[in-house]
>>> print(open('target16.csv').read())   # CSV, C-alpha atoms
chain,number,residue,atom,x,y,z
A,1,MET,CA,0.0,0.0,0.0
A,2,ASN,CA,2.9,2.3,0.8
A,3,GLN,CA,4.2,1.8,-2.8
A,4,ILE,CA,0.9,3.0,-4.2
A,5,TYR,CA,1.1,6.1,-2.0
A,6,TRP,CA,4.7,6.6,-3.1
A,7,MET,CA,3.7,6.4,-6.7
A,8,LEU,CA,0.8,8.8,-6.2
A,9,GLU,CA,3.2,11.3,-4.6
A,10,LEU,CA,5.0,11.6,-8.0
A,11,ILE,CA,1.8,13.1,-9.5
A,12,PRO,CA,1.2,16.8,-8.8
A,13,GLU,CA,-1.3,17.3,-6.0
A,14,SER,CA,-3.7,19.5,-8.1
A,15,VAL,CA,-3.9,16.8,-10.8
A,16,LEU,CA,-4.5,14.1,-8.1
A,17,ILE,CA,-7.3,16.1,-6.5
A,18,TRP,CA,-8.9,16.7,-9.9
A,19,LEU,CA,-8.6,13.0,-10.7
A,20,TYR,CA,-10.1,11.9,-7.3
A,21,TYR,CA,-13.1,14.3,-7.7
A,22,THR,CA,-13.7,13.3,-11.3
A,23,ALA,CA,-13.7,9.7,-10.3
A,24,LEU,CA,-16.1,10.4,-7.4
A,25,THR,CA,-18.4,12.4,-9.6
A,26,SER,CA,-18.3,9.7,-12.3
A,27,GLY,CA,-19.0,7.0,-9.7
A,28,VAL,CA,-22.0,8.8,-8.2
A,29,VAL,CA,-23.4,9.5,-11.7
A,30,MET,CA,-22.9,5.9,-12.7
A,31,LEU,CA,-24.6,4.7,-9.5
A,32,ALA,CA,-27.5,7.0,-10.2
A,33,ALA,CA,-27.6,5.9,-13.9
A,34,GLY,CA,-27.6,2.2,-12.8
A,35,TRP,CA,-30.8,3.0,-10.7
A,36,LEU,CA,-32.4,5.0,-13.5
A,37,ILE,CA,-31.5,2.6,-16.3
A,38,LYS,CA,-34.4,0.3,-15.5
A,39,TRP,CA,-36.7,2.7,-17.3
A,40,PHE,CA,-34.7,2.3,-20.5
A,41,PRO,CA,-35.4,-1.2,-21.9
A,42,GLY,CA,-32.8,-1.1,-24.7
A,43,ILE,CA,-29.8,-0.7,-22.3
A,44,ASN,CA,-31.3,-2.5,-19.3
A,45,ALA,CA,-28.8,-5.4,-19.6
A,46,TYR,CA,-25.9,-3.1,-18.6
A,47,LYS,CA,-27.5,-2.1,-15.2
A,48,THR,CA,-25.3,-4.4,-13.0
A,49,LEU,CA,-22.1,-3.6,-14.9
A,50,ILE,CA,-22.8,0.2,-14.6
A,51,GLN,CA,-23.6,-0.1,-10.9
A,52,PHE,CA,-20.5,-2.2,-10.3
A,53,VAL,CA,-18.2,0.2,-12.0
A,54,GLY,CA,-20.0,3.1,-10.3
A,55,LEU,CA,-19.5,1.4,-6.9
A,56,ILE,CA,-15.8,0.8,-7.5
A,57,LEU,CA,-15.2,4.3,-8.7
A,58,THR,CA,-17.1,5.9,-5.7
A,59,ALA,CA,-15.5,3.6,-3.1
A,60,GLY,CA,-12.0,3.9,-4.7
A,61,SER,CA,-12.1,7.7,-5.0
A,62,LEU,CA,-13.5,8.1,-1.4
A,63,TYR,CA,-10.7,5.8,-0.1
A,64,LEU,CA,-8.1,7.9,-1.9
A,65,LEU,CA,-9.7,11.2,-0.8
A,66,GLY,CA,-9.9,9.9,2.8
A,67,GLY,CA,-6.2,8.9,2.6
A,68,TYR,CA,-5.2,12.3,1.2
A,69,GLY,CA,-7.2,14.1,3.9
A,70,THR,CA,-5.6,11.9,6.6
A,71,GLU,CA,-2.2,12.5,5.0
A,72,LEU,CA,-2.7,16.3,5.1
A,73,MET,CA,-3.9,16.1,8.8
A,74,TRP,CA,-0.8,14.0,9.8
A,75,ARG,CA,1.6,16.3,7.9
A,76,SER,CA,0.1,19.2,9.8
A,77,ARG,CA,0.4,17.4,13.1
A,78,VAL,CA,4.0,16.3,12.3
A,79,ALA,CA,4.9,19.9,11.4
A,80,ASP,CA,3.4,21.1,14.7
A,81,MET,CA,5.3,18.4,16.6
A,82,GLN,CA,8.5,19.0,14.8
A,83,LYS,CA,8.2,22.7,15.6
A,84,LYS,CA,7.7,21.9,19.3
A,85,VAL,CA,10.6,19.5,19.3
A,86,ASP,CA,12.9,22.1,17.6
A,87,GLU,CA,11.9,24.7,20.2
A,88,ALA,CA,12.5,22.2,23.0
A,89,GLN,CA,15.9,21.3,21.6
A,90,ALA,CA,16.9,24.9,21.5
A,91,LEU,CA,15.7,25.4,25.1
A,92,SER,CA,17.5,22.3,26.2
A,93,ALA,CA,20.8,23.5,24.6
A,94,ALA,CA,20.4,26.9,26.3
A,95,ALA,CA,19.7,25.2,29.7
A,96,ASN,CA,22.7,22.9,29.2
A,97,ARG,CA,25.0,25.9,28.6
A,98,MET,CA,23.6,27.6,31.8
A,99,THR,CA,24.1,24.5,33.9
A,100,ALA,CA,27.6,23.9,32.6
A,101,GLU,CA,28.6,27.5,33.1
A,102,ARG,CA,27.2,27.5,36.7
A,103,VAL,CA,29.0,24.3,37.6
A,104,GLU,CA,32.3,25.5,36.0
A,105,VAL,CA,32.2,28.8,37.9
A,106,GLN,CA,31.3,27.2,41.2
A,107,THR,CA,34.0,24.5,40.8
A,108,LYS,CA,36.6,27.1,40.0
A,109,VAL,CA,35.6,29.2,43.1
A,110,VAL,CA,35.8,26.1,45.3
A,111,ARG,CA,39.2,25.0,43.9
A,112,GLU,CA,40.7,28.5,44.3
A,113,LYS,CA,39.3,28.9,47.8
A,114,GLY,CA,40.8,25.5,48.8
A,115,LYS,CA,44.2,26.5,47.3
A,116,ASP,CA,44.1,29.8,49.2
A,117,ILE,CA,43.5,28.0,52.5
A,118,ILE,CA,46.4,25.6,51.8
A,119,LYS,CA,48.6,28.6,50.9
A,120,TYR,CA,47.6,30.3,54.1
A,121,VAL,CA,48.6,27.2,56.1
A,122,ASP,CA,52.0,27.2,54.4
A,123,ARG,CA,52.5,31.0,54.6
A,124,GLU,CA,51.1,31.9,58.1
A,125,VAL,CA,50.1,28.9,60.2
A,126,VAL,CA,53.4,27.1,60.1
A,127,LYS,CA,55.3,30.2,61.3
A,128,LYS,CA,53.3,30.6,64.5
A,129,GLU,CA,55.4,29.6,67.5
A,130,GLU,CA,52.9,27.5,69.3
A,131,ILE,CA,52.3,25.6,66.0
A,132,ILE,CA,56.0,25.1,65.5
A,133,LYS,CA,56.3,23.7,69.1
A,134,TYR,CA,53.3,21.4,68.5
A,135,ILE,CA,54.7,20.1,65.3
A,136,GLU,CA,58.0,19.3,66.9
A,137,GLN,CA,56.5,17.6,70.0
A,138,CYS,CA,53.5,15.9,68.5
A,139,PRO,CA,53.7,14.1,65.2
A,140,VAL,CA,50.5,12.6,64.1
A,141,PRO,CA,50.4,8.9,65.3
A,142,LYS,CA,50.5,6.4,62.5
A,143,GLU,CA,47.2,4.8,63.5
A,144,ILE,CA,45.5,8.1,63.0
A,145,ILE,CA,47.1,8.4,59.5
A,146,ASP,CA,46.0,4.9,58.6
A,147,LEU,CA,42.5,5.5,59.7
A,148,HIS,CA,42.3,8.7,57.7
A,149,ASN,CA,43.6,6.9,54.6
A,150,GLN,CA,41.1,4.1,55.1
A,151,ALA,CA,38.3,6.6,55.3
A,152,ALA,CA,39.6,8.3,52.1
A,153,GLU,CA,39.2,5.0,50.3
A,154,LEU,CA,35.7,4.1,51.5
A,155,ASN,CA,34.5,4.2,47.9
A,156,LYS,CA,36.8,1.3,47.0
A,157,ALA,CA,35.0,-0.9,49.6
A,158,ALA,CA,31.7,0.0,48.0
A,159,GLU,CA,33.1,-0.7,44.5
A,160,GLY,CA,34.2,-4.2,45.7
A,161,LYS,CA,30.6,-5.0,46.7
A,162,LYS,CA,29.3,-4.4,43.2
B,1,MET,CA,-26.9,-0.7,-0.1
B,2,LYS,CA,-25.6,-2.2,3.2
B,3,LYS,CA,-22.5,-3.4,1.4
B,4,PHE,CA,-22.0,0.0,-0.1
B,5,ILE,CA,-22.1,1.6,3.3
B,6,LEU,CA,-19.7,-1.0,4.6
B,7,VAL,CA,-17.3,-0.3,1.8
B,8,LEU,CA,-17.5,3.4,2.4
B,9,ALA,CA,-16.8,3.0,6.1
B,10,VAL,CA,-13.7,0.9,5.4
B,11,ALA,CA,-12.6,3.4,2.7
B,12,LEU,CA,-12.9,6.4,5.0
B,13,SER,CA,-11.0,4.8,7.8
B,14,ALA,CA,-7.7,4.9,5.9
B,15,CYS,CA,-4.9,6.4,7.9
B,16,THR,CA,-1.1,6.6,8.3
B,17,SER,CA,1.0,7.4,11.3
B,18,VAL,CA,4.2,9.4,11.3
B,19,PRO,CA,5.8,9.6,14.8
B,20,VAL,CA,8.2,12.4,15.7
B,21,ALA,CA,10.3,11.6,18.7
B,22,PRO,CA,12.3,14.2,20.6
B,23,LYS,CA,16.1,13.4,20.8
B,24,PHE,CA,17.4,12.5,24.3
B,25,PRO,CA,19.3,15.6,25.4
B,26,GLU,CA,23.1,15.3,25.9
B,27,ALA,CA,24.4,16.3,29.3
B,28,PRO,CA,27.2,18.9,29.6
B,29,GLN,CA,30.7,17.3,29.6
B,30,VAL,CA,31.5,19.1,32.9
B,31,LEU,CA,28.9,17.0,34.6
B,32,LYS,CA,30.1,13.7,33.0
B,33,ASP,CA,33.6,14.1,34.4
B,34,LYS,CA,34.2,11.7,37.3
B,35,CYS,CA,34.8,13.0,40.8
B,36,GLU,CA,38.5,12.8,41.8
B,37,SER,CA,39.6,10.3,44.4
B,38,LEU,CA,40.3,11.7,47.9
B,39,LYS,CA,43.9,12.3,48.7
B,40,LYS,CA,45.7,10.1,51.3
B,41,ILE,CA,48.3,11.2,53.9
B,42,GLU,CA,51.8,10.0,52.8
B,43,GLY,CA,54.5,9.0,55.3
B,44,ASP,CA,54.6,7.6,58.8
B,45,LYS,CA,55.6,10.7,60.8
B,46,VAL,CA,53.5,13.5,59.6
B,47,ALA,CA,53.1,17.0,61.0
B,48,ILE,CA,49.6,18.1,62.0
B,49,THR,CA,49.8,20.9,59.3
B,50,GLU,CA,50.5,18.4,56.6
B,51,MET,CA,47.5,16.4,57.7
B,52,LEU,CA,45.5,19.6,57.8
B,53,LYS,CA,46.4,20.3,54.2
B,54,VAL,CA,45.3,16.9,53.0
B,55,VAL,CA,42.0,17.4,54.9
B,56,ILE,CA,41.5,20.8,53.3
B,57,HIS,CA,42.3,19.3,49.9
B,58,ASN,CA,39.7,16.6,50.4
B,59,TYR,CA,37.1,19.1,51.5
B,60,THR,CA,37.7,20.9,48.3
B,61,LEU,CA,37.2,17.7,46.3
B,62,TYR,CA,34.0,17.0,48.2
B,63,TYR,CA,32.6,20.5,47.4
B,64,GLU,CA,33.7,20.2,43.7
B,65,CYS,CA,31.8,16.9,43.5
B,66,SER,CA,28.8,18.2,45.4
B,67,THR,CA,28.6,21.0,42.8
B,68,LYS,CA,28.5,18.4,40.1
B,69,VAL,CA,25.7,16.5,41.8
B,70,GLU,CA,23.7,19.7,42.2
B,71,GLY,CA,24.4,20.4,38.5
B,72,TRP,CA,23.0,16.9,37.6
B,73,GLN,CA,19.8,17.6,39.7
B,74,GLU,CA,19.4,21.0,38.0
B,75,TRP,CA,20.0,19.4,34.6
B,76,TYR,CA,17.4,16.7,35.2
B,77,ASP,CA,14.7,19.1,36.5
B,78,THR,CA,15.2,21.5,33.6
B,79,GLN,CA,15.2,18.8,30.9
B,80,LYS,CA,12.2,17.1,32.4
B,81,LYS,CA,10.2,20.4,32.3
B,82,ILE,CA,11.3,21.0,28.7
B,83,TYR,CA,10.4,17.4,27.7
B,84,GLU,CA,7.0,17.5,29.4
B,85,SER,CA,6.2,20.8,27.7
B,86,ILE,CA,6.2,19.2,24.2
B,87,LYS,CA,3.8,16.4,24.9
>>> encode(input="target16.csv", output="C-alpha cells")
Amino acid sequence: MNQIYWMLELIPESVLIWLYYTALTSGVVMLAAGWLIKWFPGINAYKTLIQFVGLILTAGSLYLLGGYGTELMWRSRVADMQKKVDEAQALSAAANRMTAERVEVQTKVVREKGKDIIKYVDREVVKKEEIIKYIEQCPVPKEIIDLHNQAAELNKAAEGKK
Amino acid sequence: MKKFILVLAVALSACTSVPVAPKFPEAPQVLKDKCESLKKIEGDKVAITEMLKVVIHNYTLYYECSTKVEGWQEWYDTQKKIYESIK
C-alpha cells in the first residue's frame, strides 16, 4: 500500500485532487444511472455492470480522498510536533549551557578557595610559635594516619561489593 | 446498499502514522567528568599541618563533587520540564 502512495506522490497534487473528484463524480453519476436505467429497456442489460463500475469508482475515490485528507492532517500534526521538538531542543541546549557555566564557575571558586587556604597554612600557620612547638613535639600517630587513609578509600569498599 | 455503506466505512478509515520523537538531550561534559579520588596522607611521621592540608584538599574535592551533583539535579529538573512541555 505504501508503494501505491509513493507512486501517487509523484503526480502533482492538483492533478491528483482533480482525478479523485472526477472519479467520485463519475462513480456517483454511474450509481444514479444504474438506478435510472431500469426505465430504458434497450440498455437495461448493462445495469449491473454500470452499478458495479460506479461502486468501484465511488469507493476507490472516497478511499483515496480519505487517505489524502488523513495524510494532510498527519503532515500538519507532524509539522506542529517538529516545531515543538525544535523549540525544545533549543531550550534544552540553552539550559545545558547555563548549567555547565554555573558548575564550572562554582567548581573554580571552590578550587581557588581550597588552594588559598592551603597557601595560608604554608604561609602563616606554620610560622606561629605555638604551632612550631606542637609540630616538633606531637607528630600525628601512624594509627590516625592509617584510619584517615582508610576513610579516604571508603568508595573502594563499595566498588568491591558491586 | 448495506454493502455499499460498509465499503464506504472501510474506505474512509484509511490512515497513516508518522511519529516524531524528541532526541534525548546530551548532558554537559563538565557533569560527566568523574569526581576525583580523595587524597591520602603520605608517610609515617606527619606534622599536623601536613595532615590539615590533606584534609583541606579533600574538603575541596567534596565540594567540587557536590557542585556536580547539584548540576545533575538542575539538569534533570530543567530537561524534564522541557520534555513535558512538548507532549
>>> closest_residue(input="target16.csv", among="A:Ile132, A:Glu112, A:Val105, A:Lys84", to="chain B", atoms="all atoms listed in the file")
A:Lys84
>>> interface_residues(input="target16.csv", of="chain A", to="chain B", cutoff="6 Å", atoms="only C-alpha atoms", output="PyMOL selection string")
chain A and resi 59+63+66-67+70+84-85+88+100+107+114+118+135+139-140+142+149+152
>>> write_last_selection(input="target16.csv", atoms="C-alpha atoms", output="short mmCIF file (atom, residue, chain, number, x, y, z; two decimals), in the frame of the given file")
data_model
loop_
_atom_site.label_atom_id
_atom_site.label_comp_id
_atom_site.auth_asym_id
_atom_site.auth_seq_id
_atom_site.Cartn_x
_atom_site.Cartn_y
_atom_site.Cartn_z
CA ALA A 59 -15.50 3.60 -3.10
CA TYR A 63 -10.70 5.80 -0.10
CA GLY A 66 -9.90 9.90 2.80
CA GLY A 67 -6.20 8.90 2.60
CA THR A 70 -5.60 11.90 6.60
CA LYS A 84 7.70 21.90 19.30
CA VAL A 85 10.60 19.50 19.30
CA ALA A 88 12.50 22.20 23.00
CA ALA A 100 27.60 23.90 32.60
CA THR A 107 34.00 24.50 40.80
CA GLY A 114 40.80 25.50 48.80
CA ILE A 118 46.40 25.60 51.80
CA ILE A 135 54.70 20.10 65.30
CA PRO A 139 53.70 14.10 65.20
CA VAL A 140 50.50 12.60 64.10
CA LYS A 142 50.50 6.40 62.50
CA ASN A 149 43.60 6.90 54.60
CA ALA A 152 39.60 8.30 52.10
#
>>> atom_distance(input="target16.csv", atom1="CA of Ala90 (chain A)", atom2="CA of Val78 (chain A)")
18.0 Å
>>> atom_distance(input="target16.csv", atom1="CA of Lys38 (chain A)", atom2="CA of Ala23 (chain A)")
23.3 Å
>>> closest_residue(input="target16.csv", among="A:Ala157, A:Leu16, A:Ile56, A:Ala151", to="Tyr68 (chain A)", atoms="all atoms listed in the file")
A:Leu16
>>> atom_distance(input="target16.csv", atom1="CA of Cys138 (chain A)", atom2="CA of Lys115 (chain A)")
25.5 Å
>>> closest_residue(input="target16.csv", among="A:Arg102, A:Thr25, A:Gln137, A:Asn96", to="Asp77 (chain B)", atoms="only C-alpha atoms")
A:Asn96
